[in-house]
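query_21.cif (mmCIF, C-alpha atoms and all ligand atoms)
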```cif
data_query
#
loop_
_atom_site.label_atom_id
_atom_site.label_comp_id
_atom_site.auth_asym_id
_atom_site.auth_seq_id
_atom_site.Cartn_x
_atom_site.Cartn_y
_atom_site.Cartn_z
CA MET U 1 -226.02 -72.80 -21.45
CA LYS U 2 -226.20 -69.07 -20.89
CA ILE U 3 -222.65 -67.81 -20.50
CA ALA U 4 -221.79 -64.26 -19.45
CA LEU U 5 -218.25 -63.53 -20.58
CA VAL U 6 -215.96 -60.68 -19.57
CA GLY U 7 -212.97 -60.06 -21.85
CA ALA U 8 -214.53 -61.41 -25.06
CA THR U 9 -212.56 -58.83 -27.08
CA GLY U 10 -209.21 -60.20 -25.92
CA ASN U 11 -206.98 -62.91 -27.37
CA ILE U 12 -208.20 -65.68 -25.12
CA GLY U 13 -211.74 -64.43 -24.53
CA ARG U 14 -212.48 -64.16 -28.25
CA GLU U 15 -211.60 -67.80 -28.72
CA ILE U 16 -213.66 -68.87 -25.69
CA ALA U 17 -216.64 -66.94 -27.08
CA ARG U 18 -216.20 -68.37 -30.57
CA GLN U 19 -216.07 -71.94 -29.34
CA ALA U 20 -218.93 -71.52 -26.88
CA LEU U 21 -221.11 -70.13 -29.69
CA ALA U 22 -220.05 -72.97 -32.00
CA ARG U 23 -221.21 -75.46 -29.36
CA GLY U 24 -224.64 -73.84 -29.31
CA HIS U 25 -224.34 -71.86 -26.07
CA GLN U 26 -225.74 -68.38 -25.61
CA VAL U 27 -222.94 -65.91 -24.98
CA THR U 28 -223.34 -62.46 -23.48
CA ALA U 29 -220.15 -60.47 -24.08
CA ILE U 30 -219.75 -57.93 -21.30
CA VAL U 31 -217.81 -54.94 -22.55
CA ARG U 32 -216.88 -51.65 -20.98
CA ARG U 33 -217.98 -49.55 -23.94
CA ASP U 34 -220.31 -50.11 -26.85
CA THR U 35 -218.19 -51.70 -29.53
CA ALA U 36 -218.44 -53.86 -32.62
CA LEU U 37 -217.57 -57.47 -31.84
CA PRO U 38 -215.55 -59.34 -34.46
CA ALA U 39 -217.62 -61.11 -37.13
CA GLU U 40 -216.65 -64.51 -35.72
CA LEU U 41 -218.67 -63.61 -32.62
CA ASP U 42 -221.88 -63.03 -34.56
CA GLY U 43 -224.63 -64.41 -32.41
CA ALA U 44 -223.19 -63.13 -29.13
CA THR U 45 -225.23 -60.56 -27.23
CA LEU U 46 -223.43 -57.40 -26.23
CA ALA U 47 -223.91 -55.95 -22.75
CA VAL U 48 -222.17 -52.83 -21.52
CA ALA U 49 -221.17 -52.64 -17.86
CA ALA U 50 -218.19 -51.32 -15.94
CA LEU U 51 -216.54 -54.08 -13.95
CA ASP U 52 -216.40 -51.95 -10.80
CA ASP U 53 -220.12 -51.15 -10.99
CA THR U 54 -221.49 -54.13 -9.09
CA ASP U 55 -225.13 -53.21 -9.64
CA ALA U 56 -224.69 -52.82 -13.41
CA LEU U 57 -222.62 -55.99 -13.68
CA ALA U 58 -225.07 -58.00 -11.59
CA ALA U 59 -227.94 -56.75 -13.76
CA VAL U 60 -226.34 -57.98 -16.99
CA ILE U 61 -225.23 -61.37 -15.65
CA ALA U 62 -228.49 -62.20 -13.87
CA GLY U 63 -230.15 -65.26 -15.39
CA HIS U 64 -226.91 -66.73 -16.75
CA ASP U 65 -225.64 -70.18 -15.79
CA VAL U 66 -222.06 -69.06 -15.48
CA LEU U 67 -219.95 -65.94 -15.25
CA ALA U 68 -216.74 -66.48 -17.21
CA SER U 69 -213.85 -64.06 -17.42
CA ALA U 70 -210.85 -63.73 -19.70
CA TYR U 71 -210.17 -60.28 -18.28
CA GLY U 72 -206.59 -59.07 -18.47
CA PRO U 73 -205.16 -55.68 -17.58
CA ARG U 74 -204.26 -53.54 -20.57
CA PRO U 75 -200.80 -51.89 -20.68
CA GLY U 76 -200.67 -49.10 -18.13
CA ASP U 77 -203.24 -50.64 -15.80
CA ALA U 78 -202.08 -51.16 -12.22
CA PRO U 79 -201.35 -54.81 -11.37
CA ALA U 80 -203.72 -54.44 -8.40
CA ALA U 81 -206.57 -54.20 -10.90
CA VAL U 82 -206.48 -57.97 -11.37
CA ALA U 83 -207.39 -58.75 -7.75
CA ALA U 84 -209.85 -55.87 -7.68
CA VAL U 85 -211.63 -57.33 -10.71
CA ALA U 86 -211.79 -60.72 -8.96
CA THR U 87 -213.60 -59.05 -6.08
CA HIS U 88 -215.93 -57.13 -8.41
CA LEU U 89 -216.81 -60.24 -10.42
CA THR U 90 -217.56 -62.35 -7.40
CA ASP U 91 -219.55 -59.58 -5.69
CA ALA U 92 -221.66 -59.24 -8.84
CA ALA U 93 -222.07 -63.02 -9.19
CA ARG U 94 -223.38 -63.22 -5.62
CA GLN U 95 -225.72 -60.30 -6.13
CA ALA U 96 -227.05 -61.81 -9.37
CA GLY U 97 -227.41 -65.30 -7.92
CA VAL U 98 -224.93 -66.76 -10.42
CA ARG U 99 -223.07 -69.45 -8.49
CA ARG U 100 -220.60 -70.67 -11.10
CA VAL U 101 -217.58 -68.46 -11.92
CA VAL U 102 -214.80 -69.63 -14.27
CA VAL U 103 -211.85 -67.30 -14.83
CA VAL U 104 -208.62 -67.26 -16.80
CA GLY U 105 -205.81 -67.22 -14.25
CA GLY U 106 -202.04 -67.14 -14.36
CA ALA U 107 -199.57 -70.01 -14.63
CA GLY U 108 -197.36 -68.44 -11.93
CA SER U 109 -199.79 -69.56 -9.22
CA LEU U 110 -199.44 -73.24 -10.17
CA GLU U 111 -197.27 -75.39 -7.92
CA VAL U 112 -193.96 -76.91 -9.03
CA ALA U 113 -193.69 -78.74 -5.69
CA PRO U 114 -196.13 -78.88 -2.80
CA GLY U 115 -196.52 -75.31 -1.54
CA VAL U 116 -194.08 -73.84 -4.09
CA GLN U 117 -195.62 -71.71 -6.83
CA LEU U 118 -193.99 -71.29 -10.22
CA VAL U 119 -193.69 -67.50 -9.78
CA ASP U 120 -191.41 -68.07 -6.76
CA THR U 121 -188.89 -70.21 -8.61
CA PRO U 122 -185.48 -68.63 -9.37
CA THR U 123 -185.79 -68.98 -13.14
CA PHE U 124 -189.20 -67.34 -13.42
CA PRO U 125 -188.71 -64.49 -15.96
CA ASP U 126 -188.60 -61.05 -14.36
CA ALA U 127 -190.66 -59.59 -17.21
CA TYR U 128 -193.68 -61.73 -16.27
CA LYS U 129 -193.41 -61.32 -12.50
CA PRO U 130 -195.72 -58.31 -12.08
CA ILE U 131 -198.62 -59.95 -13.93
CA ALA U 132 -197.96 -63.34 -12.29
CA LEU U 133 -197.97 -61.76 -8.83
CA ALA U 134 -201.12 -59.82 -9.75
CA HIS U 135 -202.84 -63.08 -10.66
CA ARG U 136 -201.68 -64.63 -7.40
CA GLU U 137 -203.43 -61.83 -5.52
CA ALA U 138 -206.57 -62.57 -7.55
CA PHE U 139 -206.21 -66.27 -6.80
CA LYS U 140 -206.12 -65.40 -3.07
CA VAL U 141 -209.45 -63.63 -3.53
CA TYR U 142 -210.95 -66.82 -4.97
CA GLN U 143 -209.33 -69.03 -2.33
CA GLY U 144 -211.23 -67.04 0.29
CA ILE U 145 -214.60 -67.78 -1.34
CA ASP U 146 -216.68 -70.76 -0.32
CA ASP U 147 -220.15 -69.63 -1.38
CA LEU U 148 -219.47 -69.65 -5.14
CA ASP U 149 -218.34 -72.49 -7.39
CA TRP U 150 -215.24 -70.89 -8.87
CA THR U 151 -212.45 -72.28 -11.04
CA PHE U 152 -209.20 -70.39 -11.55
CA TYR U 153 -208.15 -71.87 -14.87
CA SER U 154 -204.52 -71.03 -15.64
CA PRO U 155 -203.06 -71.43 -19.11
CA ALA U 156 -199.76 -73.24 -19.62
CA ALA U 157 -196.68 -71.01 -19.24
CA GLU U 158 -196.85 -70.18 -22.95
CA ILE U 159 -200.11 -69.54 -24.77
CA GLY U 160 -200.48 -68.18 -28.26
CA PRO U 161 -201.94 -68.63 -31.72
CA GLY U 162 -201.99 -72.13 -33.16
CA PRO U 163 -204.30 -74.87 -34.32
CA GLN U 164 -206.94 -76.61 -32.28
CA GLN U 165 -205.21 -79.95 -32.23
CA GLY U 166 -206.46 -81.53 -29.01
CA GLY U 167 -204.25 -83.91 -27.12
CA PHE U 168 -203.89 -81.51 -24.20
CA ARG U 169 -203.88 -82.52 -20.56
CA THR U 170 -205.58 -80.79 -17.67
CA GLN U 171 -204.99 -81.05 -13.94
CA ALA U 172 -205.55 -79.25 -10.67
CA THR U 173 -202.94 -77.36 -8.66
CA ALA U 174 -199.67 -78.45 -10.27
CA PHE U 175 -197.82 -76.82 -13.15
CA LEU U 176 -197.88 -78.95 -16.32
CA ALA U 177 -194.99 -79.32 -18.76
CA ASN U 178 -194.13 -81.90 -21.39
CA ALA U 179 -191.18 -84.29 -21.29
CA ASP U 180 -188.89 -81.57 -22.69
CA GLY U 181 -189.90 -79.20 -19.92
CA HIS U 182 -192.03 -77.01 -22.21
CA SER U 183 -195.38 -75.80 -20.96
CA ARG U 184 -197.44 -74.64 -23.91
CA ILE U 185 -201.00 -74.45 -25.23
CA SER U 186 -202.68 -72.71 -28.15
CA TYR U 187 -205.49 -70.21 -27.60
CA ALA U 188 -207.80 -72.63 -29.38
CA ASP U 189 -207.00 -75.65 -27.23
CA TYR U 190 -207.06 -73.60 -24.05
CA ALA U 191 -210.52 -72.32 -24.98
CA ASP U 192 -211.64 -75.87 -25.73
CA ALA U 193 -210.64 -76.94 -22.21
CA PHE U 194 -212.16 -73.79 -20.71
CA VAL U 195 -215.54 -74.39 -22.35
CA ASN U 196 -215.36 -78.05 -21.29
CA GLU U 197 -214.95 -76.85 -17.71
CA ILE U 198 -218.00 -74.59 -18.10
CA GLU U 199 -220.08 -77.48 -19.42
CA THR U 200 -218.81 -80.16 -17.06
CA PRO U 201 -217.25 -78.77 -13.90
CA GLN U 202 -214.21 -80.73 -12.89
CA TYR U 203 -212.17 -78.28 -10.84
CA LEU U 204 -214.58 -76.67 -8.41
CA ARG U 205 -212.90 -74.20 -6.05
CA GLN U 206 -209.50 -75.11 -7.43
CA ILE U 207 -206.74 -73.76 -9.58
CA ALA U 208 -206.31 -75.93 -12.67
CA THR U 209 -204.28 -75.80 -15.85
CA VAL U 210 -204.13 -77.09 -19.40
CA ALA U 211 -201.04 -77.90 -21.46
CA TYR U 212 -199.81 -80.30 -24.13
N1 LIG U 301 -199.28 -68.16 -19.03
C1 LIG U 301 -200.17 -67.40 -18.42
O1 LIG U 301 -200.41 -67.49 -17.23
C2 LIG U 301 -200.91 -66.38 -19.23
C3 LIG U 301 -200.54 -66.11 -20.54
C4 LIG U 301 -201.28 -65.19 -21.27
C5 LIG U 301 -202.36 -64.53 -20.68
N2 LIG U 301 -202.69 -64.82 -19.39
C6 LIG U 301 -203.81 -64.13 -18.75
O2 LIG U 301 -204.98 -64.40 -19.50
C7 LIG U 301 -205.86 -63.29 -19.44
C8 LIG U 301 -206.29 -62.90 -20.84
O3 LIG U 301 -205.14 -62.65 -21.63
P1 LIG U 301 -205.29 -62.03 -23.10
O4 LIG U 301 -203.95 -62.11 -23.74
O5 LIG U 301 -206.48 -62.63 -23.78
O6 LIG U 301 -205.59 -60.50 -22.74
P2 LIG U 301 -205.99 -59.32 -23.74
O7 LIG U 301 -205.90 -59.75 -25.15
O8 LIG U 301 -205.19 -58.13 -23.31
O9 LIG U 301 -207.54 -59.06 -23.41
C9 LIG U 301 -207.91 -58.47 -22.20
C10 LIG U 301 -209.42 -58.41 -22.14
O10 LIG U 301 -209.80 -57.82 -20.88
C11 LIG U 301 -210.66 -56.72 -21.17
N3 LIG U 301 -210.49 -55.65 -20.19
C12 LIG U 301 -209.34 -55.10 -19.77
N4 LIG U 301 -209.60 -54.12 -18.87
C13 LIG U 301 -210.98 -54.06 -18.78
C14 LIG U 301 -211.85 -53.26 -18.02
N5 LIG U 301 -211.39 -52.32 -17.19
N6 LIG U 301 -213.17 -53.46 -18.15
C15 LIG U 301 -213.65 -54.41 -19.00
N7 LIG U 301 -212.86 -55.22 -19.73
C16 LIG U 301 -211.53 -55.03 -19.62
C17 LIG U 301 -210.24 -56.22 -22.53
O11 LIG U 301 -211.28 -55.43 -23.06
P3 LIG U 301 -210.99 -54.12 -23.97
O12 LIG U 301 -210.99 -54.64 -25.39
O13 LIG U 301 -212.14 -53.22 -23.66
O14 LIG U 301 -209.66 -53.57 -23.54
C18 LIG U 301 -210.02 -57.54 -23.25
O15 LIG U 301 -211.25 -58.09 -23.66
C19 LIG U 301 -205.07 -62.17 -18.71
O16 LIG U 301 -205.49 -62.11 -17.39
C20 LIG U 301 -203.64 -62.63 -18.82
O17 LIG U 301 -202.84 -62.15 -17.75
C21 LIG U 301 -202.00 -65.73 -18.66
#
```

So that I can check it, write out the structure of this file as structure tokens.
Ligand SMILES: NC(=O)c1ccc[n+]([C@@H]2O[C@H](COP(=O)([O-])OP(=O)(O)OC[C@H]3O[C@@H](n4cnc5c(N)ncnc54)[C@H](OP(=O)(O)O)[C@@H]3O)[C@@H](O)[C@H]2O)c1
Amino acid sequence: MKIALVGATGNIGREIARQALARGHQVTAIVRRDTALPAELDGATLAVAALDDTDALAAVIAGHDVLASAYGPRPGDAPAAVAAVATHLTDAARQAGVRRVVVVGGAGSLEVAPGVQLVDTPTFPDAYKPIALAHREAFKVYQGIDDLDWTFYSPAAEIGPGPQQGGFRTQATAFLANADGHSRISYADYADAFVNEIETPQYLRQIATVAY
């Protein structure tokens, strides 16, 4: 498949790119400035476009099967940037005729009970609230879209370095935790699930998650 990927220089995006390349897909890494990609992403094509330049973004994603994004705001960026990027990505996808859009979301928008999102629970850590609420605003952007095949793919509550061990579960809508109440996934296993979703769509126009 031809995958256009925003955020390939980030923690999660790098792993998505690496695994997509390893599976034989063509990856176009969309970056904001000309940069050297890490050696593990040899084989990816670099394309420079500003995310808020719809014409430029549409031009570089045209002809791809999917627009994927592991975008995340860098320190100092306004939380509102997350929803703005959702609008920019989907505008560009429409303009380019790319119907499938798969994005890294936030665990805070997953439900712990029908209609109750994790971010609204009393024990949700204050430190993560701004980014979780920013992702919820982005999720609302996607929820309003019915002319693109989007998936808002949220990691488990905790995501970090670790082996690709498999044995993860995925599901739509509801927050996933193990029997001890921990919700965790490695970058590698999250990327595995993310690339699976690109190859074989399972959660069209839904929020979904992956955890052990
Ligand atoms: N449990 C959870 O819900 C959870 C946990 C962790 C992460 N996340 C979410 O997952 C996503 C990825 O996380 P991460 O840790 O991989 O993030 P990261 O390492 O900070 O990477 C962010 C990526 O976004 C790119 N980016 C940022 N601003 C950009 C802009 N204006 N134009 C173009 N590219 C831009 C960065 O490119 P540059 O190299 O050019 O800056 C980088 O590739 C984030 O949205 C984060 O909130 C969710």

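Residues surrounding U:Gly63 within 10 Å are Lys2, Ile3, Ala4, Ala58, Ala96, Gly97 and Val98 of chain U [all atoms listed in the file; sequence separation below 5 positions excluded].
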
Atoms kept (C-alpha atoms) for selection, written as a short mmCIF file (atom, residue, chain, number, x, y, z; two decimals), in the frame of the given file:
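To be explicit, this is the file written out as selection-v7.cif:
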```cif
data_model
loop_
_atom_site.label_atom_id
_atom_site.label_comp_id
_atom_site.auth_asym_id
_atom_site.auth_seq_id
_atom_site.Cartn_x
_atom_site.Cartn_y
_atom_site.Cartn_z
CA LYS U 2 -226.20 -69.07 -20.89
CA ILE U 3 -222.65 -67.81 -20.50
CA ALA U 4 -221.79 -64.26 -19.45
CA ALA U 58 -225.07 -58.00 -11.59
CA ALA U 96 -227.05 -61.81 -9.37
CA GLY U 97 -227.41 -65.30 -7.92
CA VAL U 98 -224.93 -66.76 -10.42
#
```

Residues within 10 Å of (-198.4, -80.6, -10.8), counting all atoms listed in the file, listed as a CSV table (one decimal) with C-alpha atoms, keeping the file's coordinate frame:
```
chain,number,residue,atom,x,y,z
U,110,LEU,CA,-199.4,-73.2,-10.2
U,111,GLU,CA,-197.3,-75.4,-7.9
U,112,VAL,CA,-194.0,-76.9,-9.0
U,113,ALA,CA,-193.7,-78.7,-5.7
U,114,PRO,CA,-196.1,-78.9,-2.8
U,170,THR,CA,-205.6,-80.8,-17.7
U,171,GLN,CA,-205.0,-81.0,-13.9
U,172,ALA,CA,-205.6,-79.2,-10.7
U,173,THR,CA,-202.9,-77.4,-8.7
U,174,ALA,CA,-199.7,-78.4,-10.3
U,175,PHE,CA,-197.8,-76.8,-13.2
U,176,LEU,CA,-197.9,-79.0,-16.3
U,177,ALA,CA,-195.0,-79.3,-18.8
U,208,ALA,CA,-206.3,-75.9,-12.7
U,209,THR,CA,-204.3,-75.8,-15.8
```

Show me which residues sit within 8 Å of ligand LIG 301 (chain U) when counting all atoms listed in the file, and put them as a tab-separated table (two decimals) with C-alpha atoms, keeping the file's coordinate frame.
```tsv
chain	number	residue	atom	x	y	z
U	6	VAL	CA	-215.96	-60.68	-19.57
U	7	GLY	CA	-212.97	-60.06	-21.85
U	8	ALA	CA	-214.53	-61.41	-25.06
U	9	THR	CA	-212.56	-58.83	-27.08
U	10	GLY	CA	-209.21	-60.20	-25.92
U	11	ASN	CA	-206.98	-62.91	-27.37
U	12	ILE	CA	-208.20	-65.68	-25.12
U	13	GLY	CA	-211.74	-64.43	-24.53
U	14	ARG	CA	-212.48	-64.16	-28.25
U	30	ILE	CA	-219.75	-57.93	-21.30
U	31	VAL	CA	-217.81	-54.94	-22.55
U	32	ARG	CA	-216.88	-51.65	-20.98
U	33	ARG	CA	-217.98	-49.55	-23.94
U	49	ALA	CA	-221.17	-52.64	-17.86
U	50	ALA	CA	-218.19	-51.32	-15.94
U	51	LEU	CA	-216.54	-54.08	-13.95
U	70	ALA	CA	-210.85	-63.73	-19.70
U	71	TYR	CA	-210.17	-60.28	-18.28
U	72	GLY	CA	-206.59	-59.07	-18.47
U	73	PRO	CA	-205.16	-55.68	-17.58
U	74	ARG	CA	-204.26	-53.54	-20.57
U	77	ASP	CA	-203.24	-50.64	-15.80
U	82	VAL	CA	-206.48	-57.97	-11.37
U	104	VAL	CA	-208.62	-67.26	-16.80
U	105	GLY	CA	-205.81	-67.22	-14.25
U	106	GLY	CA	-202.04	-67.14	-14.36
U	107	ALA	CA	-199.57	-70.01	-14.63
U	108	GLY	CA	-197.36	-68.44	-11.93
U	131	ILE	CA	-198.62	-59.95	-13.93
U	132	ALA	CA	-197.96	-63.34	-12.29
U	135	HIS	CA	-202.84	-63.08	-10.66
U	154	SER	CA	-204.52	-71.03	-15.64
U	155	PRO	CA	-203.06	-71.43	-19.11
U	156	ALA	CA	-199.76	-73.24	-19.62
U	157	ALA	CA	-196.68	-71.01	-19.24
U	158	GLU	CA	-196.85	-70.18	-22.95
U	159	ILE	CA	-200.11	-69.54	-24.77
U	160	GLY	CA	-200.48	-68.18	-28.26
```

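Taking atom CA of U:Lys129 and atom CA of U:Ile145 as endpoints, the distance between them is 24.8 Å.
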
Residues within 12 Å of U:Phe168, please, as a short mmCIF file (atom, residue, chain, number, x, y, z; two decimals) with C-alpha atoms, in the coordinates of the input. Count only C-alpha atoms; anything in the same chain fewer than 5 positions from it doesn't count.
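Wrote selection.cif, looks like this:
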```cif
data_model
loop_
_atom_site.label_atom_id
_atom_site.label_comp_id
_atom_site.auth_asym_id
_atom_site.auth_seq_id
_atom_site.Cartn_x
_atom_site.Cartn_y
_atom_site.Cartn_z
CA PRO U 155 -203.06 -71.43 -19.11
CA ALA U 156 -199.76 -73.24 -19.62
CA LEU U 176 -197.88 -78.95 -16.32
CA ALA U 177 -194.99 -79.32 -18.76
CA ASN U 178 -194.13 -81.90 -21.39
CA SER U 183 -195.38 -75.80 -20.96
CA ARG U 184 -197.44 -74.64 -23.91
CA ILE U 185 -201.00 -74.45 -25.23
CA SER U 186 -202.68 -72.71 -28.15
CA TYR U 187 -205.49 -70.21 -27.60
CA ALA U 188 -207.80 -72.63 -29.38
CA ASP U 189 -207.00 -75.65 -27.23
CA TYR U 190 -207.06 -73.60 -24.05
CA ALA U 191 -210.52 -72.32 -24.98
CA ASP U 192 -211.64 -75.87 -25.73
CA ALA U 193 -210.64 -76.94 -22.21
CA PHE U 194 -212.16 -73.79 -20.71
CA THR U 209 -204.28 -75.80 -15.85
CA VAL U 210 -204.13 -77.09 -19.40
CA ALA U 211 -201.04 -77.90 -21.46
CA TYR U 212 -199.81 -80.30 -24.13
#
```

Check: Out of U:Ala80, U:Gly115, U:Tyr142, U:Asp147, which residue has the shortest atom-to-atom distance to U:Gln95 when counting only C-alpha atoms?
Finding: U:Asp147

Margin query: Give me, as a VMD selection string, all polymer residues having an atom no more than 6 Å from U:Val102, counting only C-alpha atoms and skipping those fewer than 4 positions away in the same chain.
Written below: chain U and resid 68 150 to 151

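Between U:Leu204 and the residues U:Pro125, U:Arg99, U:Gln165, U:Thr87, the shortest atom-to-atom distance, using all atoms listed in the file, involves U:Arg99.
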
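Relative to atom CA of U:Asp53, atom CA of U:Asp149 is found at 21.7 Å.
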
With 4 Å of padding per side, what axis-aligned box (centre and edge lengths, Å, one decimal) covers all the listed atoms of stretch 115-122 of chain U? Give it as JSON.
```
{"center_x": -191.0, "center_y": -71.4, "center_z": -5.9, "size_x": 19.0, "size_y": 15.8, "size_z": 16.7}
```

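We find atom CA of U:Leu5 and atom CA of U:Leu118 to be spaced 27.5 Å apart.
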
Notebook entry, point to check: Between U:Asp65, U:Asp146, U:Glu197, U:Asp52, which has the minimum distance to U:Gln26 (counting all atoms listed in the file)?
Noted result: U:Asp65

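The residue that comes closest to U:Val195, out of U:Thr45, U:Asp91, U:Gly162, U:Tyr153 and on the basis of only C-alpha atoms, is U:Tyr153.
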
Would you mind completing stretch 28-36 of chain U to all heavy atoms and writing the output as an mmCIF file, in the frame of the given file?
```cif
data_model
loop_
_atom_site.group_PDB
_atom_site.id
_atom_site.type_symbol
_atom_site.label_atom_id
_atom_site.label_comp_id
_atom_site.auth_asym_id
_atom_site.auth_seq_id
_atom_site.Cartn_x
_atom_site.Cartn_y
_atom_site.Cartn_z
ATOM 1 N N THR U 28 -223.203 -63.905 -23.671
ATOM 2 C CA THR U 28 -223.340 -62.460 -23.480
ATOM 3 C C THR U 28 -221.943 -61.904 -23.255
ATOM 4 O O THR U 28 -221.285 -62.257 -22.270
ATOM 5 C CB THR U 28 -224.230 -62.136 -22.267
ATOM 6 O OG1 THR U 28 -225.515 -62.736 -22.458
ATOM 7 C CG2 THR U 28 -224.397 -60.636 -22.090
ATOM 8 N N ALA U 29 -221.484 -61.084 -24.191
ATOM 9 C CA ALA U 29 -220.150 -60.470 -24.080
ATOM 10 C C ALA U 29 -220.299 -59.169 -23.302
ATOM 11 O O ALA U 29 -220.974 -58.246 -23.755
ATOM 12 C CB ALA U 29 -219.579 -60.208 -25.461
ATOM 13 N N ILE U 30 -219.660 -59.135 -22.131
ATOM 14 C CA ILE U 30 -219.750 -57.930 -21.300
ATOM 15 C C ILE U 30 -218.562 -57.036 -21.609
ATOM 16 O O ILE U 30 -217.413 -57.424 -21.403
ATOM 17 C CB ILE U 30 -219.778 -58.316 -19.809
ATOM 18 C CG1 ILE U 30 -221.007 -59.187 -19.540
ATOM 19 C CG2 ILE U 30 -219.789 -57.074 -18.929
ATOM 20 C CD1 ILE U 30 -220.966 -59.916 -18.232
ATOM 21 N N VAL U 31 -218.863 -55.863 -22.110
ATOM 22 C CA VAL U 31 -217.810 -54.940 -22.550
ATOM 23 C C VAL U 31 -217.942 -53.618 -21.794
ATOM 24 O O VAL U 31 -219.011 -53.290 -21.273
ATOM 25 C CB VAL U 31 -217.887 -54.691 -24.070
ATOM 26 C CG1 VAL U 31 -217.541 -55.955 -24.847
ATOM 27 C CG2 VAL U 31 -219.275 -54.194 -24.464
ATOM 28 N N ARG U 32 -216.829 -52.895 -21.758
ATOM 29 C CA ARG U 32 -216.880 -51.650 -20.980
ATOM 30 C C ARG U 32 -217.447 -50.504 -21.780
ATOM 31 O O ARG U 32 -217.866 -49.508 -21.218
ATOM 32 C CB ARG U 32 -215.509 -51.294 -20.437
ATOM 33 C CG ARG U 32 -214.380 -51.335 -21.440
ATOM 34 C CD ARG U 32 -213.110 -50.884 -20.772
ATOM 35 N NE ARG U 32 -211.935 -51.572 -21.281
ATOM 36 C CZ ARG U 32 -210.731 -51.363 -20.795
ATOM 37 N NH1 ARG U 32 -210.564 -50.531 -19.811
ATOM 38 N NH2 ARG U 32 -209.699 -52.008 -21.290
ATOM 39 N N ARG U 33 -217.379 -50.606 -23.105
ATOM 40 C CA ARG U 33 -217.980 -49.550 -23.940
ATOM 41 C C ARG U 33 -218.587 -50.212 -25.168
ATOM 42 O O ARG U 33 -218.105 -51.277 -25.601
ATOM 43 C CB ARG U 33 -216.937 -48.511 -24.349
ATOM 44 C CG ARG U 33 -215.827 -49.030 -25.222
ATOM 45 C CD ARG U 33 -214.841 -47.923 -25.550
ATOM 46 N NE ARG U 33 -213.880 -47.726 -24.479
ATOM 47 C CZ ARG U 33 -212.765 -48.450 -24.318
ATOM 48 N NH1 ARG U 33 -212.478 -49.418 -25.173
ATOM 49 N NH2 ARG U 33 -211.938 -48.228 -23.327
ATOM 50 N N ASP U 34 -219.628 -49.566 -25.679
ATOM 51 C CA ASP U 34 -220.310 -50.110 -26.850
ATOM 52 C C ASP U 34 -219.317 -50.265 -27.985
ATOM 53 O O ASP U 34 -218.591 -49.322 -28.298
ATOM 54 C CB ASP U 34 -221.454 -49.162 -27.257
ATOM 55 C CG ASP U 34 -222.578 -49.931 -27.922
ATOM 56 O OD1 ASP U 34 -222.404 -51.148 -28.145
ATOM 57 O OD2 ASP U 34 -223.609 -49.316 -28.216
ATOM 58 N N THR U 35 -219.236 -51.425 -28.551
ATOM 59 C CA THR U 35 -218.190 -51.700 -29.530
ATOM 60 C C THR U 35 -218.719 -52.723 -30.526
ATOM 61 O O THR U 35 -219.704 -53.406 -30.238
ATOM 62 C CB THR U 35 -216.949 -52.253 -28.799
ATOM 63 O OG1 THR U 35 -215.905 -52.449 -29.723
ATOM 64 C CG2 THR U 35 -217.220 -53.588 -28.140
ATOM 65 N N ALA U 36 -218.037 -52.819 -31.673
ATOM 66 C CA ALA U 36 -218.440 -53.860 -32.620
ATOM 67 C C ALA U 36 -217.627 -55.107 -32.302
ATOM 68 O O ALA U 36 -216.395 -55.060 -32.252
ATOM 69 C CB ALA U 36 -218.162 -53.387 -34.039
#
```
